[in-house]
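> To be precise about what I am sending: the file is called start.tsv and holds TSV, C-alpha atoms.
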```tsv
chain	number	residue	atom	x	y	z
J	17	MET	CA	164.89	76.59	83.94
J	18	ARG	CA	161.19	76.69	83.58
J	19	ASP	CA	158.85	77.35	86.42
J	20	ARG	CA	156.99	74.12	87.21
J	21	ARG	CA	154.02	75.94	88.70
J	22	ARG	CA	152.99	77.36	85.34
J	23	GLN	CA	152.89	74.05	83.45
J	24	GLY	CA	149.42	72.82	82.49
J	25	GLY	CA	148.12	69.30	83.12
J	26	PHE	CA	146.56	67.17	85.79
J	27	THR	CA	148.09	65.97	88.98
J	28	TYR	CA	148.15	62.34	89.93
J	29	ILE	CA	145.50	62.95	92.62
J	30	GLU	CA	143.11	64.53	90.11
J	31	LEU	CA	143.50	61.61	87.71
J	32	LEU	CA	142.96	59.12	90.52
J	33	ALA	CA	139.83	60.93	91.75
J	34	THR	CA	138.41	60.99	88.20
J	35	ALA	CA	139.07	57.27	87.76
J	36	VAL	CA	137.34	56.49	91.08
J	37	ILE	CA	134.27	58.53	90.09
J	38	ILE	CA	134.06	56.78	86.71
J	39	LEU	CA	134.41	53.39	88.43
J	40	ILE	CA	131.58	54.21	90.87
J	41	LEU	CA	129.28	55.31	88.04
J	42	ALA	CA	130.09	52.20	86.00
J	43	SER	CA	129.44	49.89	88.96
J	44	ALA	CA	126.04	51.52	89.46
J	45	ALA	CA	125.16	51.06	85.79
J	46	VAL	CA	125.77	47.27	85.71
J	47	PRO	CA	122.82	46.29	87.96
J	48	VAL	CA	120.54	48.67	86.08
J	49	TYR	CA	121.61	47.08	82.78
J	50	ARG	CA	120.98	43.55	84.11
J	51	TRP	CA	117.56	44.55	85.46
J	52	ASP	CA	116.66	46.16	82.13
J	53	GLN	CA	117.81	43.08	80.21
J	54	LYS	CA	115.70	40.80	82.41
J	55	ARG	CA	112.72	43.12	81.91
J	56	ARG	CA	113.17	42.92	78.13
J	57	TYR	CA	113.39	39.11	78.32
J	58	GLU	CA	110.18	39.04	80.37
J	59	ARG	CA	108.42	41.12	77.72
J	60	TRP	CA	109.78	38.80	75.03
J	61	LEU	CA	108.56	35.75	76.96
J	62	LYS	CA	105.06	37.24	77.34
J	63	VAL	CA	104.86	37.94	73.61
J	64	ASP	CA	106.04	34.42	72.71
J	65	LEU	CA	103.57	32.77	75.09
J	66	ALA	CA	100.71	34.92	73.79
J	67	LEU	CA	101.67	34.07	70.20
J	68	MET	CA	101.74	30.31	70.82
J	69	ARG	CA	98.57	30.34	72.92
J	70	GLY	CA	96.82	32.37	70.21
J	71	ALA	CA	97.89	29.81	67.60
J	72	ILE	CA	96.54	26.98	69.77
J	73	ASP	CA	93.25	28.85	70.22
J	74	SER	CA	92.94	29.45	66.45
J	75	TYR	CA	93.55	25.75	65.81
J	76	LYS	CA	90.90	24.85	68.41
J	77	GLN	CA	88.36	27.23	66.88
J	78	LEU	CA	88.83	25.83	63.36
J	79	CYS	CA	88.62	22.28	64.69
J	80	ASP	CA	85.40	23.08	66.57
J	81	GLU	CA	84.01	24.46	63.29
J	82	LYS	CA	84.89	21.09	61.68
J	83	LYS	CA	87.36	22.70	59.28
J	84	ILE	CA	90.20	20.63	60.74
J	85	LEU	CA	89.65	16.91	61.07
J	86	GLU	CA	90.65	15.35	64.38
J	87	GLN	CA	93.07	12.45	64.14
J	88	ASP	CA	92.22	11.02	67.53
J	89	VAL	CA	89.35	11.25	70.04
J	90	ASP	CA	91.77	12.17	72.85
J	91	GLN	CA	92.90	15.16	70.80
J	92	LYS	CA	89.87	17.22	71.99
J	93	CYS	CA	90.36	19.56	68.99
J	94	TYR	CA	93.82	20.68	70.15
J	95	PRO	CA	97.04	20.21	68.15
J	96	LEU	CA	99.00	17.05	68.85
J	97	THR	CA	102.36	18.91	68.87
J	98	LEU	CA	103.70	22.44	68.49
J	99	GLU	CA	105.38	21.30	65.26
J	100	GLU	CA	101.92	20.71	63.81
J	101	LEU	CA	101.22	24.44	64.18
J	102	VAL	CA	104.39	25.23	62.22
J	103	GLU	CA	104.03	22.57	59.52
J	104	GLY	CA	100.38	23.41	58.99
J	105	VAL	CA	97.17	21.41	58.71
J	106	GLU	CA	94.61	20.88	55.98
J	107	ILE	CA	91.60	23.19	56.20
J	108	HIS	CA	88.41	21.80	54.64
J	109	SER	CA	85.92	24.20	53.10
J	110	GLN	CA	82.22	23.37	53.57
J	111	ASP	CA	80.79	24.81	50.35
J	112	ALA	CA	83.33	23.27	47.99
J	113	ASP	CA	85.51	20.24	48.37
J	114	GLU	CA	88.47	22.56	48.51
J	115	VAL	CA	91.40	21.77	50.80
J	116	LYS	CA	93.96	24.38	51.82
J	117	LYS	CA	96.95	24.10	54.07
J	118	MET	CA	97.10	26.58	56.94
J	119	ARG	CA	100.09	27.33	59.16
J	120	PHE	CA	99.53	28.90	62.58
J	121	LEU	CA	103.17	29.71	63.44
J	122	ARG	CA	106.17	30.51	61.26
J	123	ARG	CA	108.47	28.78	63.71
J	124	ILE	CA	108.52	27.71	67.32
J	125	PRO	CA	109.83	30.71	69.29
J	126	VAL	CA	112.98	30.51	71.38
J	127	ASP	CA	112.48	30.78	75.13
J	128	PRO	CA	114.50	33.90	76.05
J	129	PHE	CA	115.54	32.52	79.44
J	130	THR	CA	116.63	29.03	78.34
J	131	GLY	CA	117.75	29.95	74.82
J	132	GLU	CA	116.04	26.85	73.38
J	133	GLU	CA	112.92	26.06	71.39
J	134	GLU	CA	111.84	23.63	74.10
J	135	TRP	CA	108.70	24.63	75.99
J	136	GLY	CA	106.77	22.98	78.77
J	137	LYS	CA	103.44	21.65	77.52
J	138	ARG	CA	100.16	20.63	79.11
J	139	SER	CA	97.48	18.57	77.49
J	140	TYR	CA	93.76	19.06	78.03
J	141	GLN	CA	93.71	15.96	80.21
J	142	ASP	CA	96.53	17.18	82.51
J	143	ASP	CA	96.00	19.13	85.74
J	144	TRP	CA	96.14	22.92	85.30
J	145	ASP	CA	99.40	23.14	87.28
J	146	SER	CA	100.98	19.93	86.00
J	147	SER	CA	104.68	20.05	85.20
J	148	SER	CA	104.63	16.92	83.05
J	149	TRP	CA	103.00	16.56	79.67
J	150	GLY	CA	100.54	13.70	79.11
J	151	GLY	CA	101.20	13.76	75.36
J	152	GLU	CA	97.57	13.54	74.17
J	153	ASN	CA	97.55	17.11	72.77
J	154	VAL	CA	98.93	20.62	73.38
J	155	TYR	CA	96.45	22.63	75.43
J	156	ASP	CA	98.90	25.10	76.97
J	157	VAL	CA	102.60	26.05	76.88
J	158	TYR	CA	104.89	27.53	79.50
J	159	SER	CA	108.58	28.33	79.98
J	160	THR	CA	110.77	25.65	81.52
J	161	SER	CA	112.90	28.28	83.30
J	162	THR	CA	112.73	28.22	87.10
J	163	ILE	CA	114.28	31.70	87.48
J	164	LEU	CA	112.43	34.07	89.79
J	165	ALA	CA	110.64	36.87	87.92
J	166	LEU	CA	111.18	40.56	88.63
J	167	ASP	CA	107.99	40.67	90.71
J	168	GLY	CA	109.83	38.52	93.27
J	169	LYS	CA	106.88	36.16	93.71
J	170	THR	CA	106.56	33.96	90.62
J	171	HIS	CA	108.88	31.83	88.53
J	172	TYR	CA	108.79	31.95	84.74
J	173	ASN	CA	107.51	28.37	84.50
J	174	GLU	CA	104.36	29.56	86.31
J	175	TRP	CA	103.44	32.13	83.64
```
Please render this file's structure as structure tokens.

Amino acid sequence: MRDRRRQGGFTYIELLATAVIILILASAAVPVYRWDQKRRYERWLKVDLALMRGAIDSYKQLCDEKKILEQDVDQKCYPLTLEELVEGVEIHSQDADEVKKMRFLRRIPVDPFTGEEEWGKRSYQDDWDSSSWGGENVYDVYSTSTILALDGKTHYNEW
């Protein structure tokens, strides 16, 4: 017979202790992963909002320079819809009667928190904190998500 004391391997207690340690480390990593994912989504949301707001500002500047013709007086030189920024508008040159089509966005970005291309909009005629869109034009965009941000004070629809 062999001597059992000389056999290599782990005891049941050692395996159980190792499994408990791995479980504790894994349970600590899950909240860190979720926090990091939310932080990445916040960064993504900031970039998307800046991109759309920059496109709206570029449209406004060209309209103020009379390179884009307003379709309506209530438009106030802002785009009527976000789709208009994607589809493009005709740009009129002053020196020649040349007309070019200019697009301001490749596509409407997806809101990282809702997973949809739907954004809250405000027109120039709306209040600055309005949550309903008047429909005259697109002056500003915001997320429709009501989730609390990582700062613990604001919601994403307030950005």
> Do a neighbour search on Asp127 (chain J) at 10 Å with only C-alpha atoms, toss out local chain neighbours closer than 6 positions, and write the hits as an mmCIF file with C-alpha atoms, keeping the file's coordinate frame.

```
data_model
loop_
_atom_site.group_PDB
_atom_site.id
_atom_site.type_symbol
_atom_site.label_atom_id
_atom_site.label_comp_id
_atom_site.auth_asym_id
_atom_site.auth_seq_id
_atom_site.Cartn_x
_atom_site.Cartn_y
_atom_site.Cartn_z
ATOM 1 C CA TYR J 57 113.390 39.110 78.320
ATOM 2 C CA TRP J 60 109.780 38.800 75.030
ATOM 3 C CA LEU J 61 108.560 35.750 76.960
ATOM 4 C CA ASP J 64 106.040 34.420 72.710
ATOM 5 C CA LEU J 65 103.570 32.770 75.090
ATOM 6 C CA GLU J 133 112.920 26.060 71.390
ATOM 7 C CA GLU J 134 111.840 23.630 74.100
ATOM 8 C CA TRP J 135 108.700 24.630 75.990
ATOM 9 C CA TYR J 158 104.890 27.530 79.500
ATOM 10 C CA SER J 159 108.580 28.330 79.980
ATOM 11 C CA THR J 160 110.770 25.650 81.520
ATOM 12 C CA SER J 161 112.900 28.280 83.300
#
```
> Every residue with an atom at most 7 Å from (91.5, 15.9, 75.1) (file coordinates; all atoms listed in the file) is what I'm after, so could you write them as a VMD selection string?
chain J and resid 90 to 92 139 to 141 152 to 153
> Please compute the CA of Glu103 (chain J)-CA of Arg119 (chain J) distance, one decimal, in Å.
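CA of Glu103 (chain J) sits 6.2 Å away from CA of Arg119 (chain J).
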> Find the residue from J:Lys62, J:Lys117, J:Lys137, J:Lys83 that sits nearest to Thr97 (chain J); use all atoms listed in the file when measuring.
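Under the stated criterion, the closest residue is J:Lys137.
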> For Leu67 (chain J), work out the shell of residues within 12 Å, counting only C-alpha atoms and skipping chain neighbours fewer than 2 positions away, then give it as JSON, numbers by chain.
{"J": [60, 61, 62, 63, 64, 65, 69, 70, 71, 72, 73, 74, 98, 101, 120, 121, 122, 123, 124, 125, 126, 156, 157, 158]}
> I'd like the interatomic distance between CA of Thr162 (chain J) and CA of Met68 (chain J), to a tenth of an Å.
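About the pair CA of Thr162 (chain J) and CA of Met68 (chain J): they are 19.8 Å apart.
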> Record the distance separating CA of Leu166 (chain J) and CA of Arg56 (chain J), expressed in Å with one decimal.
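Those two atoms sit 10.9 Å apart.
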> Enclose the full set of atoms of region 116-135 of chain J listed in the file within a box whose edges lie along x, y and z, apply 4 Å of padding to each of the six sides, and report centre and edge lengths in Å to one decimal as JSON.

```
{"center_x": 105.9, "center_y": 28.8, "center_z": 65.6, "size_x": 31.8, "size_y": 18.3, "size_z": 35.6}
```
